[in-house]
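**Student:** One file: protein_32.cif (mmCIF, C-alpha atoms and all ligand atoms).
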```cif
data_work
loop_
_atom_site.group_PDB
_atom_site.id
_atom_site.type_symbol
_atom_site.label_atom_id
_atom_site.label_comp_id
_atom_site.auth_asym_id
_atom_site.auth_seq_id
_atom_site.Cartn_x
_atom_site.Cartn_y
_atom_site.Cartn_z
ATOM 1 C CA MET A 75 121.292 169.255 119.254
ATOM 2 C CA SER A 76 123.265 171.842 117.357
ATOM 3 C CA ASN A 77 126.958 171.481 117.696
ATOM 4 C CA ASN A 78 129.536 171.650 114.972
ATOM 5 C CA ASN A 79 132.107 170.039 117.246
ATOM 6 C CA GLN A 80 130.012 166.949 117.870
ATOM 7 C CA TYR A 81 131.420 163.728 116.501
ATOM 8 C CA ILE A 82 129.369 161.094 114.744
ATOM 9 C CA LEU A 83 129.904 157.452 115.613
ATOM 10 C CA ALA A 84 130.559 155.388 112.502
ATOM 11 C CA LEU A 85 129.886 151.645 112.436
ATOM 12 C CA ASP A 86 130.641 149.070 109.802
ATOM 13 C CA VAL A 87 127.594 147.567 108.107
ATOM 14 C CA GLY A 88 127.720 144.707 110.606
ATOM 15 C CA GLY A 89 127.102 147.222 113.393
ATOM 16 C CA ARG A 90 130.555 147.105 114.897
ATOM 17 C CA PRO A 91 132.027 150.363 116.209
ATOM 18 C CA TYR A 92 134.418 151.772 113.618
ATOM 19 C CA GLU A 93 135.522 155.374 114.137
ATOM 20 C CA TRP A 94 134.504 158.892 115.068
ATOM 21 C CA LEU A 95 133.663 161.117 112.122
ATOM 22 C CA LEU A 96 133.786 164.860 111.866
ATOM 23 C CA TRP A 97 130.461 166.238 110.666
ATOM 24 C CA GLN A 98 132.147 167.266 107.410
ATOM 25 C CA GLU A 99 133.169 163.647 106.802
ATOM 26 C CA ALA A 100 129.641 162.482 107.583
ATOM 27 C CA VAL A 101 128.143 165.003 105.171
ATOM 28 C CA THR A 102 130.407 163.677 102.434
ATOM 29 C CA LEU A 103 129.360 160.094 103.159
ATOM 30 C CA TYR A 104 125.662 161.046 103.080
ATOM 31 C CA ALA A 105 126.210 162.827 99.758
ATOM 32 C CA ARG A 106 127.924 159.782 98.286
ATOM 33 C CA ASP A 107 125.160 157.508 99.549
ATOM 34 C CA GLU A 108 127.657 155.592 101.653
ATOM 35 C CA ILE A 109 125.483 155.596 104.775
ATOM 36 C CA ALA A 110 123.834 152.164 104.912
ATOM 37 C CA TRP A 111 121.618 152.812 107.952
ATOM 38 C CA GLU A 112 121.272 154.996 111.018
ATOM 39 C CA ALA A 113 121.159 153.836 114.616
ATOM 40 C CA GLY A 114 121.270 156.926 116.816
ATOM 41 C CA ASP A 115 118.493 158.691 118.712
ATOM 42 C CA THR A 116 120.052 162.102 118.226
ATOM 43 C CA LYS A 117 120.012 164.432 115.264
ATOM 44 C CA ILE A 118 123.093 166.557 114.998
ATOM 45 C CA ILE A 119 122.188 169.784 113.289
ATOM 46 C CA VAL A 120 124.969 171.546 111.477
ATOM 47 C CA ARG A 121 124.307 175.147 110.568
ATOM 48 C CA GLY A 122 125.484 176.188 107.143
ATOM 49 C CA GLY A 123 125.587 179.422 105.220
ATOM 50 C CA ILE A 124 122.814 182.016 104.986
ATOM 51 C CA SER A 125 121.051 182.137 101.656
ATOM 52 C CA HIS A 126 121.381 185.464 99.819
ATOM 53 C CA LYS A 127 117.961 184.894 98.312
ATOM 54 C CA THR A 128 115.927 183.949 101.362
ATOM 55 C CA GLY A 129 118.088 185.088 104.267
ATOM 56 C CA VAL A 130 117.529 181.658 105.820
ATOM 57 C CA GLN A 131 120.421 179.764 107.308
ATOM 58 C CA SER A 132 120.801 176.273 105.892
ATOM 59 C CA GLU A 133 120.776 173.251 108.200
ATOM 60 C CA ILE A 134 122.072 169.755 107.738
ATOM 61 C CA HIS A 135 120.646 166.990 109.925
ATOM 62 C CA LEU A 136 122.985 164.129 110.691
ATOM 63 C CA ASN A 137 122.302 161.027 112.732
ATOM 64 C CA SER A 138 124.566 160.530 115.760
ATOM 65 C CA ILE A 139 125.325 156.902 114.827
ATOM 66 C CA VAL A 140 125.672 155.763 111.223
ATOM 67 C CA ALA A 141 126.716 152.554 109.499
ATOM 68 C CA VAL A 142 129.119 153.207 106.646
ATOM 69 C CA ARG A 143 129.283 151.015 103.553
ATOM 70 C CA GLY A 144 132.795 149.747 102.963
ATOM 71 C CA ALA A 145 134.012 150.563 106.476
ATOM 72 C CA ASN A 146 136.448 147.811 107.338
ATOM 73 C CA ILE A 147 137.454 147.231 110.931
ATOM 74 C CA ALA A 148 140.357 145.080 109.757
ATOM 75 C CA ASN A 149 142.083 148.202 108.420
ATOM 76 C CA LYS A 150 141.809 149.993 111.730
ATOM 77 C CA LYS A 151 144.367 150.243 114.458
ATOM 78 C CA ARG A 152 143.319 147.697 117.046
ATOM 79 C CA VAL A 153 145.196 148.804 120.104
ATOM 80 C CA PRO A 154 144.716 152.364 121.326
ATOM 81 C CA SER A 155 147.691 154.536 122.188
ATOM 82 C CA LEU A 156 148.684 154.243 125.806
ATOM 83 C CA THR A 157 148.433 157.698 127.318
ATOM 84 C CA ASN A 158 148.022 158.560 130.984
ATOM 85 C CA ARG A 159 144.647 160.143 130.258
ATOM 86 C CA ALA A 160 143.376 156.985 128.555
ATOM 87 C CA LEU A 161 144.875 154.773 131.258
ATOM 88 C CA PHE A 162 143.215 156.741 134.077
ATOM 89 C CA VAL A 163 139.884 156.634 132.247
ATOM 90 C CA ARG A 164 140.234 152.871 131.759
ATOM 91 C CA ASP A 165 140.726 152.463 135.512
ATOM 92 C CA GLY A 166 138.060 155.012 136.472
ATOM 93 C CA HIS A 167 140.682 157.238 138.153
ATOM 94 C CA VAL A 168 140.908 154.600 140.869
ATOM 95 C CA CYS A 169 144.254 153.563 142.315
ATOM 96 C CA MET A 170 144.547 149.808 141.714
ATOM 97 C CA TYR A 171 146.363 149.352 145.019
ATOM 98 C CA CYS A 172 144.394 151.318 147.625
ATOM 99 C CA GLY A 173 141.088 151.509 145.730
ATOM 100 C CA GLU A 174 140.647 155.229 146.263
ATOM 101 C CA GLN A 175 139.591 157.578 143.491
ATOM 102 C CA PHE A 176 141.837 160.556 142.789
ATOM 103 C CA GLN A 177 142.010 163.562 140.517
ATOM 104 C CA THR A 178 144.388 163.249 137.571
ATOM 105 C CA SER A 179 147.171 165.323 139.129
ATOM 106 C CA LEU A 180 147.496 162.815 141.977
ATOM 107 C CA LEU A 181 147.677 159.745 139.738
ATOM 108 C CA THR A 182 150.580 157.974 138.085
ATOM 109 C CA ARG A 183 151.181 155.184 135.591
ATOM 110 C CA ASP A 184 152.519 152.183 137.480
ATOM 111 C CA HIS A 185 154.335 149.363 135.716
ATOM 112 C CA ILE A 186 153.250 146.118 137.363
ATOM 113 C CA MET A 187 156.459 144.408 136.323
ATOM 114 C CA PRO A 188 158.799 147.353 136.877
ATOM 115 C CA LYS A 189 160.582 148.767 133.859
ATOM 116 C CA ALA A 190 163.838 148.269 135.744
ATOM 117 C CA GLN A 191 163.065 144.540 135.677
ATOM 118 C CA GLY A 192 162.225 144.516 131.982
ATOM 119 C CA GLY A 193 158.491 145.287 132.300
ATOM 120 C CA ALA A 194 156.926 146.636 129.112
ATOM 121 C CA ASP A 195 155.156 149.950 128.726
ATOM 122 C CA LYS A 196 151.997 148.230 127.458
ATOM 123 C CA TRP A 197 148.323 148.232 128.393
ATOM 124 C CA ASP A 198 148.494 144.855 130.101
ATOM 125 C CA ASN A 199 151.486 145.825 132.250
ATOM 126 C CA VAL A 200 150.296 149.196 133.487
ATOM 127 C CA ILE A 201 147.700 150.320 135.970
ATOM 128 C CA THR A 202 146.600 153.539 137.597
ATOM 129 C CA ALA A 203 148.230 154.163 140.969
ATOM 130 C CA CYS A 204 148.119 157.125 143.323
ATOM 131 C CA LYS A 205 151.456 158.782 144.012
ATOM 132 C CA HIS A 206 151.538 157.446 147.549
ATOM 133 C CA CYS A 207 151.039 153.800 146.510
ATOM 134 C CA ASN A 208 153.445 154.114 143.588
ATOM 135 C CA ASN A 209 156.176 155.431 145.897
ATOM 136 C CA LYS A 210 155.460 152.702 148.405
ATOM 137 C CA LYS A 211 155.650 149.982 145.756
ATOM 138 C CA GLY A 212 158.859 151.364 144.275
ATOM 139 C CA ASN A 213 160.750 149.160 141.832
ATOM 140 C CA ARG A 214 159.089 145.973 143.008
ATOM 141 C CA THR A 215 156.399 143.681 141.696
ATOM 142 C CA PRO A 216 153.047 143.812 143.550
ATOM 143 C CA HIS A 217 153.866 140.426 145.049
ATOM 144 C CA ALA A 218 157.291 141.502 146.289
ATOM 145 C CA ALA A 219 155.803 144.699 147.712
ATOM 146 C CA GLY A 220 152.921 142.851 149.372
ATOM 147 C CA MET A 221 150.481 145.058 147.457
ATOM 148 C CA PRO A 222 147.976 142.906 145.551
ATOM 149 C CA LEU A 223 146.266 144.426 142.520
ATOM 150 C CA LEU A 224 142.550 145.134 142.826
ATOM 151 C CA ALA A 225 141.945 144.375 139.135
ATOM 152 C CA ILE A 226 143.746 142.789 136.227
ATOM 153 C CA PRO A 227 144.807 145.293 133.557
ATOM 154 C CA TYR A 228 143.576 144.745 130.011
ATOM 155 C CA VAL A 229 144.018 146.023 126.497
ATOM 156 C CA PRO A 230 140.956 148.108 125.567
ATOM 157 C CA ASN A 231 138.939 146.793 122.642
ATOM 158 C CA ARG A 232 137.691 148.939 119.752
ATOM 159 C CA ALA A 233 134.602 150.186 121.594
ATOM 160 C CA GLU A 234 136.659 151.042 124.664
ATOM 161 C CA TYR A 235 139.190 152.748 122.445
ATOM 162 C CA LEU A 236 136.447 154.944 120.994
ATOM 163 C CA LEU A 237 135.137 155.680 124.483
ATOM 164 C CA LEU A 238 138.619 156.676 125.606
ATOM 165 C CA LYS A 239 139.307 158.805 122.549
ATOM 166 C CA ASN A 240 136.353 161.187 122.574
ATOM 167 C CA ARG A 241 135.603 163.432 125.528
ATOM 168 C CA ASN A 242 132.332 164.659 124.083
ATOM 169 C CA ILE A 243 130.192 161.562 123.671
ATOM 170 C CA LEU A 244 126.403 161.710 123.361
ATOM 171 C CA VAL A 245 124.281 159.480 125.575
ATOM 172 C CA ASP A 246 123.091 157.233 122.727
ATOM 173 C CA GLN A 247 126.668 156.849 121.451
ATOM 174 C CA MET A 248 127.849 156.017 124.982
ATOM 175 C CA LEU A 249 125.164 153.357 125.410
ATOM 176 C CA PHE A 250 125.924 151.861 122.007
ATOM 177 C CA LEU A 251 129.652 151.615 122.730
ATOM 178 C CA LYS A 252 129.152 150.269 126.240
ATOM 179 C CA HIS A 253 127.085 147.490 124.734
ATOM 180 C CA HIS A 254 130.286 146.406 122.934
ATOM 181 C CA VAL A 255 132.410 146.391 126.083
ATOM 182 C CA PRO A 256 132.735 142.993 127.784
ATOM 183 C CA SER A 257 130.484 142.919 130.826
ATOM 184 C CA CYS A 258 133.350 141.735 133.015
ATOM 185 C CA ARG A 259 135.048 145.129 132.709
ATOM 186 C CA ARG A 260 134.673 146.767 136.030
ATOM 187 C CA VAL A 261 134.860 150.426 135.148
ATOM 188 C CA MET A 262 133.727 151.102 131.593
HETATM 189 ZN ZN ZN B 301 146.758 154.272 146.141
#
```
Take the structure in the file and write it out as structure tokens.
Ligand SMILES: [Zn+2]

**Tutor:**
Amino acid sequence: MSNNNQYILALDVGGRPYEWLLWQEAVTLYARDEIAWEAGDTKIIVRGGISHKTGVQSEIHLNSIVAVRGANIANKKRVPSLTNRALFVRDGHVCMYCGEQFQTSLLTRDHIMPKAQGGADKWDNVITACKHCNNKKGNRTPHAAGMPLLAIPYVPNRAEYLLLKNRNILVDQMLFLKHHVPSCRRVM
């Protein structure tokens, strides 16, 4: 793999998902001997400058998953930002009322307890709904509208947050992160 836009998955030394690193950040950590161990199956090759002497382009090989000494999950933001993109990914682009899958342009963020009734704009009060179902539900609770939810919304954990954040995830990174997602989660 040769891709300067590829992110490297950083773990803490206990193997817990920590953050995505730019290759430049990873190079710095390798140079400072702050990489404790590697866990990925993929080598990310970063092409450097061409030597004036030899005419050969330099290459740096980075592992796709690395454990970083001193990485501390406690210092990291726990709850990911609630964006429509992240919400639709969490719910697999499936409307939580009719169960159909839609493209992004046909989806909306539905507040289970409507905002008009004091419902919060938070992960555990929002679900993906198609425009049709959202209009039908209106400013009512699912119960009042007679539209039961197909799944209970949840706040994504750190691994889910990392899955939601990066659109360019390698297979080994995906498998590693999915291993840290509770098995009860329907979609991710
Ligand atoms: Zn629907």

**Student:** May I ask you to write as a ChimeraX atom specification all residues lying at most 7 Å from ligand ZN 301 (chain B), with all atoms listed in the file counted?

**Tutor:** /A:169-174,203-207

**Student:** Could you list, as JSON, numbers by chain, every residue matched by the PyMOL selection byres (((chain A and resi 198) around 10) and not hetatm) in this structure?

**Tutor:** {"A": [185, 186, 194, 195, 196, 197, 199, 200, 201, 226, 227, 228, 229, 230]}

**Student:** Could you pull the residues within 9 Å of region 137-144 of chain A, counting only C-alpha atoms, minus those fewer than 3 positions along the same chain, as JSON, numbers by chain?

**Tutor:** {"A": [80, 81, 82, 83, 84, 85, 86, 87, 88, 89, 90, 91, 92, 100, 103, 107, 108, 109, 110, 111, 112, 113, 114, 115, 116, 117, 118, 119, 244, 246, 247, 250]}

**Student:** Write a file of the just-selected residues containing C-alpha atoms, as a CSV table (one decimal), keeping the file's coordinate frame.

**Tutor:**
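And here is the file that came out, result38.csv:
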```
chain,number,residue,atom,x,y,z
A,80,GLN,CA,130.0,166.9,117.9
A,81,TYR,CA,131.4,163.7,116.5
A,82,ILE,CA,129.4,161.1,114.7
A,83,LEU,CA,129.9,157.5,115.6
A,84,ALA,CA,130.6,155.4,112.5
A,85,LEU,CA,129.9,151.6,112.4
A,86,ASP,CA,130.6,149.1,109.8
A,87,VAL,CA,127.6,147.6,108.1
A,88,GLY,CA,127.7,144.7,110.6
A,89,GLY,CA,127.1,147.2,113.4
A,90,ARG,CA,130.6,147.1,114.9
A,91,PRO,CA,132.0,150.4,116.2
A,92,TYR,CA,134.4,151.8,113.6
A,100,ALA,CA,129.6,162.5,107.6
A,103,LEU,CA,129.4,160.1,103.2
A,107,ASP,CA,125.2,157.5,99.5
A,108,GLU,CA,127.7,155.6,101.7
A,109,ILE,CA,125.5,155.6,104.8
A,110,ALA,CA,123.8,152.2,104.9
A,111,TRP,CA,121.6,152.8,108.0
A,112,GLU,CA,121.3,155.0,111.0
A,113,ALA,CA,121.2,153.8,114.6
A,114,GLY,CA,121.3,156.9,116.8
A,115,ASP,CA,118.5,158.7,118.7
A,116,THR,CA,120.1,162.1,118.2
A,117,LYS,CA,120.0,164.4,115.3
A,118,ILE,CA,123.1,166.6,115.0
A,119,ILE,CA,122.2,169.8,113.3
A,244,LEU,CA,126.4,161.7,123.4
A,246,ASP,CA,123.1,157.2,122.7
A,247,GLN,CA,126.7,156.8,121.5
A,250,PHE,CA,125.9,151.9,122.0
```

**Student:** Please write the residues picked by the PyMOL selection byres (((chain A and resi 212) around 12) and not hetatm) on this file as a PyMOL selection string.

**Tutor:** chain A and resi 184-191+203+205-211+213-216+218-221

**Student:** I'd like the box whose edges run along x, y and z of the file and which contains every listed atom of region 241-252 of chain A, padded by 3 Å per side; could you state its centre and edge lengths in Å, one decimal, as lines of an AutoDock Vina configuration file?

**Tutor:**
```
center_x = 129.3
center_y = 157.5
center_z = 123.8
size_x = 18.5
size_y = 20.4
size_z = 10.8
```

**Student:** For CA of Gly129 (chain A) and CA of Val101 (chain A), quote the distance in Å rounded to one decimal.

**Tutor:** 22.5 Å

**Student:** What is the distance, in Å and to one decimal place, between CA of Ala233 (chain A) and CA of Arg121 (chain A)?

**Tutor:**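 Separation between CA of Ala233 (chain A) and CA of Arg121 (chain A): 29.2 Å.
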
**Student:** From the set A:Leu96, A:Leu223, A:Ile124, A:Leu238, which residue has the shortest atom-to-atom contact distance to Phe162 (chain A), counting all atoms listed in the file?

**Tutor:**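 The answer is A:Leu238, which sits nearest to Phe162 (chain A).
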
**Student:** Taking only C-alpha atoms into account, which of A:Ala105, A:Trp94, A:Cys258, A:Val168 comes nearest Ile243 (chain A)?

**Tutor:**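 Using only C-alpha atoms, Ile243 (chain A) sits closest to A:Trp94.
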
**Student:** Using all atoms listed in the file for the distances, tell me which of A:His135, A:His126, A:His217, A:Arg183 is nearest to His167 (chain A).

**Tutor:**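 Of the candidates, the smallest distance to His167 (chain A) is held by A:Arg183.
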
**Student:** Neighbouring residues of Ala160 (chain A) were defined as those with any atom within 10 Å, considering only C-alpha atoms; residues of the same chain fewer than 2 positions away were excluded. Please report them as an NGL selection string.

**Tutor:** :A and (154-158 or 162-167 or 230 or 234-235 or 237-239)

**Student:** Would you compute the distance between CA of Thr202 (chain A) and CA of Pro256 (chain A)? Give it in Å to one decimal.

**Tutor:**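 Rounded to one decimal, the two atoms are 20.0 Å apart.
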